[in-house]
Amino acid sequence: MFGYIEANLKLIYNVLYLVLLIIASVGISYFLYRKTNPPVSPFYKSLLILLRGIALSLILLIFFEPIFSITKIIHKKANYIVLIDNSSSAGIKDNKYDRKSVIKNILSETDFDDLAKKCDLNYYLFSNIVKKISKEDTLDFLGEGTNIGKALKEVMEQNNENEPAGIILITDGIYNLGENPVNTAKGLRVPAYTVGVGDSSEQKDILIKNIIFNRITYINNKVSVDVLIRNIGFQGEKSTITLSDGSEVLDTRVVELPENMREKIVSLEFIANREGLNEYKLSLMPVSGESILENNQRSFFIKALKNKIRILLIGGRPDTDYGFLVRALSKDENIELTAFVEKRGGNLFSYDNSIFPENLDSFDVVFFIFYPTDNTSIKHFEILREEIEKRRLPLFVMIGKTGLQNGINLLRNLIPLESSIVTNIEFEAYVKLTEEGKNHPVMRMMDMNIDNLNIWKNMPPFYYSGKNFVPKEGNKVLAVIDNGRTKIVKNHPNIPFISSSIIGERKYIFTNGYGLWRWDLLLKDDDKFAGVYDKFFGNTVRWLVNREEEKRVRIYTDKEVYNSGEDVLISAQVYDDNYYPIGNAEVKVLVNKDDLILERILDNVGGGNYQGELEIIEPGNYKYSGEANYYERKIGEDSGEFSVGKFSIEMLNTRMRSDILKSISQVSNGKFYSPEKIQNLFNDLSNKRIELTENNEIEIYNKGTLMIIIVILLSCEWFVRKRLGML
C-alpha cells in the first residue's frame, strides 16, 4: 500500500539560470522569425517560433542535467523472528512450571495464528546451535547447552536482506555458552521481545557440580576422585553418592549435605584394574522434594597405563621451588622420581644416594629447575645433553632469578632459544591464559572452561626476573603476564610466562618465572583451589611423556574426554618427505560411534596446521580416522579416539533468569513478558506496520527520448520552412 508521494525536479545549476536562458532562447527565436522572406501568416510565424524555442529550451535543459525524483512511503506487514529455546533446561519441570508444556502452549495460541495474518513470522530453534523450522515442527528439548548471544547474531545475519521488525525470544534465559547475551542485544538493530519461561527462584536441588581426578593412572594403583556437591534447599539432610564402573559398585559414601547454597567435596577411591580408557559413573541419591534429578548423575573417563613414569629432576640450588616440586612429584603414585641438586663444585647430589649418571637410559622425562648454572660441570651437562638428544627425551625448564643467567649458553647447546630483557628488576606478576592455553591439556585444571578460567584468574602471583627465554621453533605461548594486574609491565604486552614447544619429536615446557610453590602454599586451605599446583605439574608430566610417532600426518584432539555438547577441536599437522610443513593439503576426518558417522574437512590455519570443530551430544567412546591429500596425492593418514561423558551443563543452574531477559529487552528497546501476560505481546505487535521510504530517480538528461523529441522539433521546423519556401 502506498502512502504519501512527493515528486520534484533536481538540476545541477540554479533553476533561475535555466529560466533566464529559456526566456533568452524564446526571445532569439522570436527575433529570427519576426520578419520572414517570403512573408508568412502570423499562424506559421508563431508555429516556427514555438518549435525553435522548445527545441533550444530542451537543449539547454540537457546541460543542466535534470533528474526527476519520486519519493513514495510504502506500508507493509512487519516481519518478526520467533526464537524458541530448545535446550534441556527449557524442557524440565521446576517448582512452578512444566517449561516444556508452557512453551508448547504459547506456540499453539490462536493469537499466534492471528498475528501471522497481520505479520510475517519466521520460526527458529536454538540451543548450542540455531535451526530454522516451521511452526508445525516438533521441539525435543535435547540441546546440550544454550548460547543466546550466538542465536541473536545468527538470525539477524540470516535475515540481513529482509531485516525484521523485532525478535520474539521465548526462553528460560539460562545461558551457559558464549558471551553474555545482554552485550549482544546492545548491538541489535531491532527490539527483542522476551518471554520468560520458568520459575525465577532457586530450585530445590542437589547436584554433582564438578569432578576432580587424574585422567591417567597405572594398573593396580589407587585412584582418588573428589566430587564437588552443591546443595540448594536441603540443609541438614543426607544423601548417598556411589561410584561404579557400570558393572559393579567401587565405592560409596553417605553425604551430609552442606549449608544451603554451599558446596562440599566428597572423596571416593577405587583400584584401577583395567588397562586402557575406562568409563566410570557417579550417582547421587535423590532427596525427597528434589525438583531436578538429571544432574544427580555424571560420568568420567580415566586411562590406565601399564608402567609408571620415571622422572629425572635436577635443581641448580636446593630452594623452595625445588623442594615443593620434589614433594609434589614424589607423592604421585604414578611417578617414580630421581632428584639431584647441584653442589658448589658442580657435582650433583641426591638425598636418596642415587649416583649420577647411572640409569640415565631409564628415564622418561627430565626436569631442569634453575639448571644449568655458572657452576655446572660441563662434563655432566654434556652427558645429559647427549642422552636427551639420543632418546629425544621431553624436557621441563623453570628459569629462575639466577639459575640460567650464566648457564644459558649451555642450554642453547641443547635447545635453540630466543631471549630478551624486559627489565632488570625482579617483580611479582600475575598469570593470564592465552587463547592457545585455554584449550591446552597442561593448563586445564577443571573440565568446565568457566571454572578453569576462574582458577587461573585467582592464582597467586609468581616472581619474574625480567629475562625472557622461549624456543625458536614450534613455540606456543600458553600463558602470559597479565598486564592489567602487573603494573610494572604495563607497556610490555603478552610477555610469555609458560610456553610449550615440539621440536622434531621432542616436547618442551618453559616457565619464565619462579615462586610457583606459592600456588600450593597459599591455596591449600581453599577447597575450590586446593591441589591446583599438583594438578598443573601432573598435567605437565603427562603431556610431556605422551609421545607421538614420526608421522607425516598427525591428527589429534585437544582433549581425550569431553562433556556432552562441548565442541571437539580436531587438529592436524601435515609434512612433506623432508618434514617441511604443507600448507594447501586437504585433510578429511571421519568420526564414528556405532552407526553414527560424522565428516569434517579441516580448515587450513597456516604453517602446515589444520583445525576443525564438531559438536557432539551423544555420550560414549568415539573413534576418528583421517587422511591428507595434496594435489590428489595421498600424503598419509592417522587415527585416534576420544570419549564424551554423559553430563549436561544445562543442569548446573536451572533458575529462570528473568534478570537477563529484562536486560536484553531494555537495551534493545523491547519488552519483557511472563507467560501469564503473553496476550500483551500479541496486542503490542499486531498493530505494528513497517513504513518504508522508496525513492526513484530518473535521469532525464540521459534519456534517448529527450534527444528524439529535440530532433523531431527541429525536423518539423525544417519541414514547415521548406513548405513555405523559406531559406
# chains A, B, ... in the order shown; residues from 1 in each chain; ligands from 1
$ residues_around --residues "segment 68-70 of chain A" --least-positions-apart "2" --cutoff "6 Å" --atoms "only C-alpha atoms" --output "list in words"
Glu6, Ala7, Asn8, Leu9, Asn695, Asn696, Glu697 and Ile698 of chain A
$ write_last_selection --atoms "all heavy atoms" --output "PDB file, in the first residue's frame"
ATOM      1  N   GLU A   6       5.798  12.224  -3.151  1.00  0.00           N
ATOM      2  CA  GLU A   6       6.394  13.533  -3.404  1.00  0.00           C
ATOM      3  C   GLU A   6       7.237  13.443  -4.673  1.00  0.00           C
ATOM      4  O   GLU A   6       7.981  12.484  -4.857  1.00  0.00           O
ATOM      5  CB  GLU A   6       7.275  13.950  -2.216  1.00  0.00           C
ATOM      6  CG  GLU A   6       7.944  15.301  -2.406  1.00  0.00           C
ATOM      7  CD  GLU A   6       8.880  15.634  -1.258  1.00  0.00           C
ATOM      8  OE1 GLU A   6       9.225  14.714  -0.486  1.00  0.00           O
ATOM      9  OE2 GLU A   6       9.289  16.806  -1.149  1.00  0.00           O
ATOM     10  N   ALA A   7       7.085  14.456  -5.549  1.00  0.00           N
ATOM     11  CA  ALA A   7       7.848  14.485  -6.800  1.00  0.00           C
ATOM     12  C   ALA A   7       8.531  15.845  -6.936  1.00  0.00           C
ATOM     13  O   ALA A   7       7.956  16.881  -6.589  1.00  0.00           O
ATOM     14  CB  ALA A   7       6.933  14.237  -7.996  1.00  0.00           C
ATOM     15  N   ASN A   8       9.764  15.837  -7.434  1.00  0.00           N
ATOM     16  CA  ASN A   8      10.460  17.101  -7.675  1.00  0.00           C
ATOM     17  C   ASN A   8      11.533  16.907  -8.744  1.00  0.00           C
ATOM     18  O   ASN A   8      11.903  15.781  -9.066  1.00  0.00           O
ATOM     19  CB  ASN A   8      11.062  17.671  -6.386  1.00  0.00           C
ATOM     20  CG  ASN A   8      12.037  16.708  -5.738  1.00  0.00           C
ATOM     21  OD1 ASN A   8      13.098  16.435  -6.288  1.00  0.00           O
ATOM     22  ND2 ASN A   8      11.678  16.193  -4.567  1.00  0.00           N
ATOM     23  N   LEU A   9      11.974  18.045  -9.291  1.00  0.00           N
ATOM     24  CA  LEU A   9      12.978  18.043 -10.350  1.00  0.00           C
ATOM     25  C   LEU A   9      14.268  18.641  -9.792  1.00  0.00           C
ATOM     26  O   LEU A   9      14.257  19.729  -9.208  1.00  0.00           O
ATOM     27  CB  LEU A   9      12.490  18.870 -11.549  1.00  0.00           C
ATOM     28  CG  LEU A   9      13.381  18.862 -12.792  1.00  0.00           C
ATOM     29  CD1 LEU A   9      13.380  17.488 -13.438  1.00  0.00           C
ATOM     30  CD2 LEU A   9      12.912  19.915 -13.797  1.00  0.00           C
ATOM     31  N   ASN A 695      12.559   5.684  -2.961  1.00  0.00           N
ATOM     32  CA  ASN A 695      12.938   6.857  -3.748  1.00  0.00           C
ATOM     33  C   ASN A 695      13.421   6.413  -5.127  1.00  0.00           C
ATOM     34  O   ASN A 695      14.376   5.646  -5.241  1.00  0.00           O
ATOM     35  CB  ASN A 695      14.032   7.641  -3.013  1.00  0.00           C
ATOM     36  CG  ASN A 695      14.343   8.953  -3.706  1.00  0.00           C
ATOM     37  OD1 ASN A 695      13.452   9.629  -4.186  1.00  0.00           O
ATOM     38  ND2 ASN A 695      15.618   9.300  -3.764  1.00  0.00           N
ATOM     39  N   ASN A 696      12.748   6.875  -6.177  1.00  0.00           N
ATOM     40  CA  ASN A 696      13.137   6.564  -7.553  1.00  0.00           C
ATOM     41  C   ASN A 696      13.594   7.845  -8.249  1.00  0.00           C
ATOM     42  O   ASN A 696      12.915   8.875  -8.179  1.00  0.00           O
ATOM     43  CB  ASN A 696      11.963   5.959  -8.331  1.00  0.00           C
ATOM     44  CG  ASN A 696      11.587   4.590  -7.791  1.00  0.00           C
ATOM     45  OD1 ASN A 696      12.462   3.798  -7.479  1.00  0.00           O
ATOM     46  ND2 ASN A 696      10.291   4.335  -7.656  1.00  0.00           N
ATOM     47  N   GLU A 697      14.711   7.787  -8.930  1.00  0.00           N
ATOM     48  CA  GLU A 697      15.240   8.937  -9.649  1.00  0.00           C
ATOM     49  C   GLU A 697      15.406   8.598 -11.130  1.00  0.00           C
ATOM     50  O   GLU A 697      15.934   7.532 -11.469  1.00  0.00           O
ATOM     51  CB  GLU A 697      16.586   9.367  -9.060  1.00  0.00           C
ATOM     52  CG  GLU A 697      16.462   9.949  -7.659  1.00  0.00           C
ATOM     53  CD  GLU A 697      17.777  10.513  -7.153  1.00  0.00           C
ATOM     54  OE1 GLU A 697      18.834  10.139  -7.713  1.00  0.00           O
ATOM     55  OE2 GLU A 697      17.755  11.335  -6.219  1.00  0.00           O
ATOM     56  N   ILE A 698      14.930   9.496 -11.970  1.00  0.00           N
ATOM     57  CA  ILE A 698      15.012   9.312 -13.425  1.00  0.00           C
ATOM     58  C   ILE A 698      15.933  10.387 -13.982  1.00  0.00           C
ATOM     59  O   ILE A 698      15.662  11.589 -13.847  1.00  0.00           O
ATOM     60  CB  ILE A 698      13.622   9.416 -14.080  1.00  0.00           C
ATOM     61  CG1 ILE A 698      12.664   8.384 -13.464  1.00  0.00           C
ATOM     62  CG2 ILE A 698      13.729   9.218 -15.588  1.00  0.00           C
ATOM     63  CD1 ILE A 698      11.229   8.544 -13.918  1.00  0.00           C
TER      64      ILE A 698
END
$ residues_around --residues "Phe340 of chain A" --least-positions-apart "5" --cutoff "8 Å" --atoms "only C-alpha atoms" --output "CSV table (one decimal) with all heavy atoms, in the first residue's frame"
chain,number,residue,atom,x,y,z
A,312,LEU,N,63.6,-37.7,35.9
A,312,LEU,CA,64.9,-37.2,36.4
A,312,LEU,C,64.7,-35.7,36.7
A,312,LEU,O,64.5,-34.9,35.7
A,312,LEU,CB,66.0,-37.4,35.4
A,312,LEU,CG,67.4,-36.8,35.7
A,312,LEU,CD1,67.9,-37.4,37.0
A,312,LEU,CD2,68.4,-37.0,34.6
A,313,LEU,N,64.9,-35.3,37.9
A,313,LEU,CA,64.8,-33.9,38.3
A,313,LEU,C,66.1,-33.3,38.8
A,313,LEU,O,66.8,-33.9,39.7
A,313,LEU,CB,63.7,-33.7,39.4
A,313,LEU,CG,63.6,-32.3,40.1
A,313,LEU,CD1,63.2,-31.3,39.1
A,313,LEU,CD2,62.7,-32.4,41.3
A,314,ILE,N,66.6,-32.3,38.2
A,314,ILE,CA,67.9,-31.7,38.5
A,314,ILE,C,67.7,-30.2,38.9
A,314,ILE,O,67.1,-29.4,38.1
A,314,ILE,CB,68.9,-31.8,37.4
A,314,ILE,CG1,69.2,-33.3,37.0
A,314,ILE,CG2,70.3,-31.1,37.8
A,314,ILE,CD1,70.2,-33.5,35.9
A,315,GLY,N,68.1,-29.8,40.1
A,315,GLY,CA,68.0,-28.5,40.5
A,315,GLY,C,69.3,-27.8,40.6
A,315,GLY,O,70.3,-28.4,41.0
A,348,LEU,N,76.6,-33.3,41.3
A,348,LEU,CA,75.2,-33.5,41.6
A,348,LEU,C,75.0,-34.4,42.8
A,348,LEU,O,75.6,-35.5,42.8
A,348,LEU,CB,74.5,-34.0,40.3
A,348,LEU,CG,74.5,-33.1,39.1
A,348,LEU,CD1,73.8,-33.8,37.9
A,348,LEU,CD2,73.8,-31.8,39.4
A,349,PHE,N,74.2,-34.0,43.7
A,349,PHE,CA,73.9,-34.7,45.0
A,349,PHE,C,72.5,-35.2,45.0
A,349,PHE,O,71.6,-34.4,44.6
A,349,PHE,CB,74.3,-33.8,46.2
A,349,PHE,CG,73.8,-34.4,47.5
A,349,PHE,CD1,74.5,-35.4,48.1
A,349,PHE,CD2,72.6,-33.9,48.1
A,349,PHE,CE1,74.1,-35.9,49.3
A,349,PHE,CE2,72.2,-34.4,49.3
A,349,PHE,CZ,72.9,-35.4,49.9
A,350,SER,N,72.3,-36.4,45.5
A,350,SER,CA,70.9,-36.9,45.7
A,350,SER,C,70.7,-37.3,47.1
A,350,SER,O,71.6,-38.0,47.7
A,350,SER,CB,70.7,-38.1,44.8
A,350,SER,OG,69.5,-38.7,45.0
A,351,TYR,N,69.6,-37.0,47.7
A,351,TYR,CA,69.3,-37.4,49.1
A,351,TYR,C,69.0,-38.8,49.3
A,351,TYR,O,69.1,-39.4,50.4
A,351,TYR,CB,68.1,-36.6,49.6
A,351,TYR,CG,68.3,-35.1,49.7
A,351,TYR,CD1,68.0,-34.2,48.7
A,351,TYR,CD2,69.0,-34.6,50.8
A,351,TYR,CE1,68.3,-32.8,48.8
A,351,TYR,CE2,69.3,-33.2,50.9
A,351,TYR,CZ,68.9,-32.3,49.9
A,351,TYR,OH,69.2,-31.0,50.0
$ closest_residue --among "A:Asn494, A:Ser639, A:Thr705, A:Ser686" --to "Thr434 of chain A" --atoms "only C-alpha atoms"
A:Asn494
$ closest_residue --among "A:Asp526, A:Ile635, A:Val197, A:Pro619" --to "Asn105 of chain A" --atoms "only C-alpha atoms"
A:Val197
$ residues_around --residues "segment 18-29 of chain A" --least-positions-apart "5" --cutoff "8 Å" --atoms "only C-alpha atoms" --output "count of residues only"
11
$ closest_atom_pairs --of "segment 389-508 of chain A" --to "segment 536-541 of chain A" --cutoff "7 Å" --atoms "only C-alpha atoms" --output "JSON lines"
{"residue": "A:Pro441", "atom": "CA", "partner": "A:Asn539", "partner_atom": "CA", "distance": 6.6}
{"residue": "A:Val442", "atom": "CA", "partner": "A:Asn539", "partner_atom": "CA", "distance": 4.8}
{"residue": "A:Met443", "atom": "CA", "partner": "A:Phe536", "partner_atom": "CA", "distance": 6.7}
{"residue": "A:Met445", "atom": "CA", "partner": "A:Phe536", "partner_atom": "CA", "distance": 7.0}
$ write_last_selection --atoms "N, CA, C and O atoms" --output "compact mmCIF listing (two decimals), in the first residue's frame"
# COMPACT_ATOMS: atom_id res chain seq x y z
N PRO A 441 46.13 -29.13 27.20
CA PRO A 441 46.00 -30.07 28.31
C PRO A 441 46.79 -29.68 29.55
O PRO A 441 46.37 -29.96 30.67
N VAL A 442 47.94 -29.03 29.37
CA VAL A 442 48.76 -28.65 30.53
C VAL A 442 48.03 -27.65 31.41
O VAL A 442 48.14 -27.69 32.64
N MET A 443 47.24 -26.76 30.82
CA MET A 443 46.63 -25.66 31.56
C MET A 443 45.22 -25.97 32.04
O MET A 443 44.57 -25.12 32.64
N MET A 445 42.81 -27.23 34.50
CA MET A 445 42.63 -27.64 35.89
C MET A 445 41.24 -28.22 36.14
O MET A 445 41.04 -29.01 37.05
$ residues_around --residues "Cys119 of chain A" --least-positions-apart "6" --cutoff "8 Å" --atoms "only C-alpha atoms" --output "number ranges by chain"
A: 77-80, 686
$ write_last_selection --atoms "C-alpha atoms" --output "JSON list (two decimals), in the first residue's frame"
[["chain", "number", "residue", "atom", "x", "y", "z"],
["A", 77, "LYS", "CA", 3.41, -6.14, 7.09],
["A", 78, "ALA", "CA", 6.01, -6.38, 9.84],
["A", 79, "ASN", "CA", 8.41, -9.34, 9.76],
["A", 80, "TYR", "CA", 9.16, -10.95, 13.16],
["A", 686, "SER", "CA", -0.48, -6.93, 15.96]]
$ atom_distance --atom1 "atom CA of Lys100 of chain A" --atom2 "atom CA of Gln297 of chain A"
21.9 Å
$ select_by_dssp --residues "segment 558-668 of chain A" --states "strand (DSSP E)" --output "ChimeraX atom specification"
/A:561-563,567-574,586-593,596-601,603-606,609-615,620-630,633-645
$ atom_distance --atom1 "atom CA of Gly484 of chain A" --atom2 "atom CA of Asn147 of chain A"
28.3 Å
$ residues_around --residues "Asp114 of chain A" --least-positions-apart "2" --cutoff "12 Å" --atoms "only C-alpha atoms" --output "PyMOL selection string"
chain A and resi 107-112+116-121+679+682-683+685-687
$ select_by_dssp --residues "segment 316-464 of chain A" --states "helix (DSSP H, G or I)" --output "number ranges by chain"
A: 320-330, 360-362, 378-391, 408-412, 435-438, 441-443, 449-457
$ residues_around --residues "Asp352 of chain A" --least-positions-apart "3" --cutoff "12 Å" --atoms "only C-alpha atoms" --output "ChimeraX atom specification"
/A:337-341,349,355-356
$ write_last_selection --atoms "all heavy atoms" --output "PDB file, in the first residue's frame"
ATOM      1  N   LEU A 337      60.403 -40.922  40.974  1.00  0.00           N
ATOM      2  CA  LEU A 337      61.238 -39.734  40.878  1.00  0.00           C
ATOM      3  C   LEU A 337      62.661 -39.986  41.353  1.00  0.00           C
ATOM      4  O   LEU A 337      62.883 -40.596  42.402  1.00  0.00           O
ATOM      5  CB  LEU A 337      60.631 -38.596  41.714  1.00  0.00           C
ATOM      6  CG  LEU A 337      61.419 -37.297  41.766  1.00  0.00           C
ATOM      7  CD1 LEU A 337      61.434 -36.614  40.401  1.00  0.00           C
ATOM      8  CD2 LEU A 337      60.847 -36.351  42.829  1.00  0.00           C
ATOM      9  N   THR A 338      63.613 -39.488  40.569  1.00  0.00           N
ATOM     10  CA  THR A 338      65.020 -39.419  40.982  1.00  0.00           C
ATOM     11  C   THR A 338      65.433 -37.963  40.905  1.00  0.00           C
ATOM     12  O   THR A 338      65.372 -37.355  39.832  1.00  0.00           O
ATOM     13  CB  THR A 338      65.919 -40.269  40.076  1.00  0.00           C
ATOM     14  OG1 THR A 338      65.497 -41.636  40.141  1.00  0.00           O
ATOM     15  CG2 THR A 338      67.367 -40.172  40.527  1.00  0.00           C
ATOM     16  N   ALA A 339      65.854 -37.383  42.053  1.00  0.00           N
ATOM     17  CA  ALA A 339      66.124 -35.951  42.119  1.00  0.00           C
ATOM     18  C   ALA A 339      67.561 -35.690  42.529  1.00  0.00           C
ATOM     19  O   ALA A 339      68.080 -36.299  43.476  1.00  0.00           O
ATOM     20  CB  ALA A 339      65.168 -35.287  43.105  1.00  0.00           C
ATOM     21  N   PHE A 340      68.216 -34.786  41.800  1.00  0.00           N
ATOM     22  CA  PHE A 340      69.562 -34.326  42.125  1.00  0.00           C
ATOM     23  C   PHE A 340      69.537 -32.818  42.317  1.00  0.00           C
ATOM     24  O   PHE A 340      68.697 -32.119  41.731  1.00  0.00           O
ATOM     25  CB  PHE A 340      70.548 -34.652  40.994  1.00  0.00           C
ATOM     26  CG  PHE A 340      70.844 -36.118  40.834  1.00  0.00           C
ATOM     27  CD1 PHE A 340      70.100 -36.895  39.952  1.00  0.00           C
ATOM     28  CD2 PHE A 340      71.867 -36.720  41.549  1.00  0.00           C
ATOM     29  CE1 PHE A 340      70.371 -38.237  39.787  1.00  0.00           C
ATOM     30  CE2 PHE A 340      72.147 -38.068  41.393  1.00  0.00           C
ATOM     31  CZ  PHE A 340      71.403 -38.833  40.514  1.00  0.00           C
ATOM     32  N   VAL A 341      70.494 -32.321  43.134  1.00  0.00           N
ATOM     33  CA  VAL A 341      70.684 -30.893  43.278  1.00  0.00           C
ATOM     34  C   VAL A 341      72.172 -30.597  43.141  1.00  0.00           C
ATOM     35  O   VAL A 341      73.017 -31.387  43.578  1.00  0.00           O
ATOM     36  CB  VAL A 341      70.125 -30.376  44.622  1.00  0.00           C
ATOM     37  CG1 VAL A 341      70.911 -30.927  45.800  1.00  0.00           C
ATOM     38  CG2 VAL A 341      70.100 -28.858  44.642  1.00  0.00           C
ATOM     39  N   PHE A 349      74.170 -33.963  43.720  1.00  0.00           N
ATOM     40  CA  PHE A 349      73.949 -34.700  44.958  1.00  0.00           C
ATOM     41  C   PHE A 349      72.496 -35.153  45.028  1.00  0.00           C
ATOM     42  O   PHE A 349      71.577 -34.420  44.645  1.00  0.00           O
ATOM     43  CB  PHE A 349      74.272 -33.800  46.158  1.00  0.00           C
ATOM     44  CG  PHE A 349      73.808 -34.352  47.474  1.00  0.00           C
ATOM     45  CD1 PHE A 349      74.530 -35.365  48.116  1.00  0.00           C
ATOM     46  CD2 PHE A 349      72.650 -33.881  48.080  1.00  0.00           C
ATOM     47  CE1 PHE A 349      74.099 -35.879  49.335  1.00  0.00           C
ATOM     48  CE2 PHE A 349      72.214 -34.400  49.286  1.00  0.00           C
ATOM     49  CZ  PHE A 349      72.943 -35.397  49.921  1.00  0.00           C
ATOM     50  N   ILE A 355      73.350 -42.206  42.235  1.00  0.00           N
ATOM     51  CA  ILE A 355      74.650 -41.786  41.699  1.00  0.00           C
ATOM     52  C   ILE A 355      74.465 -41.333  40.259  1.00  0.00           C
ATOM     53  O   ILE A 355      73.886 -42.047  39.426  1.00  0.00           O
ATOM     54  CB  ILE A 355      75.670 -42.942  41.767  1.00  0.00           C
ATOM     55  CG1 ILE A 355      75.876 -43.368  43.233  1.00  0.00           C
ATOM     56  CG2 ILE A 355      76.995 -42.514  41.144  1.00  0.00           C
ATOM     57  CD1 ILE A 355      76.738 -44.591  43.385  1.00  0.00           C
ATOM     58  N   PHE A 356      74.913 -40.122  39.956  1.00  0.00           N
ATOM     59  CA  PHE A 356      74.875 -39.612  38.583  1.00  0.00           C
ATOM     60  C   PHE A 356      76.161 -40.055  37.869  1.00  0.00           C
ATOM     61  O   PHE A 356      77.257 -39.971  38.447  1.00  0.00           O
ATOM     62  CB  PHE A 356      74.801 -38.083  38.594  1.00  0.00           C
ATOM     63  CG  PHE A 356      74.651 -37.472  37.246  1.00  0.00           C
ATOM     64  CD1 PHE A 356      73.404 -37.322  36.678  1.00  0.00           C
ATOM     65  CD2 PHE A 356      75.763 -37.065  36.519  1.00  0.00           C
ATOM     66  CE1 PHE A 356      73.264 -36.762  35.425  1.00  0.00           C
ATOM     67  CE2 PHE A 356      75.638 -36.511  35.261  1.00  0.00           C
ATOM     68  CZ  PHE A 356      74.372 -36.359  34.718  1.00  0.00           C
TER      69      PHE A 356
END
$ atom_distance --atom1 "atom CA of Leu83 of chain A" --atom2 "atom CA of Ile129 of chain A"
11.9 Å
$ residues_around --residues "Glu144 of chain A" --least-positions-apart "3" --cutoff "12 Å" --atoms "only C-alpha atoms" --output "ChimeraX atom specification"
/A:85-91,126-129,140-141,147,175-177,563-567,615-619,645-652
$ closest_residue --among "A:Asp205, A:Asp525, A:Asp332, A:Glu632" --to "Ser291 of chain A" --atoms "only C-alpha atoms"
A:Asp205
$ closest_residue --among "A:Asn458, A:Thr373, A:Ser674, A:Thr423" --to "His492 of chain A" --atoms "only C-alpha atoms"
A:Thr423
$ closest_residue --among "A:Arg518, A:Arg633, A:Arg189, A:Lys528" --to "Arg262 of chain A" --atoms "only C-alpha atoms"
A:Lys528
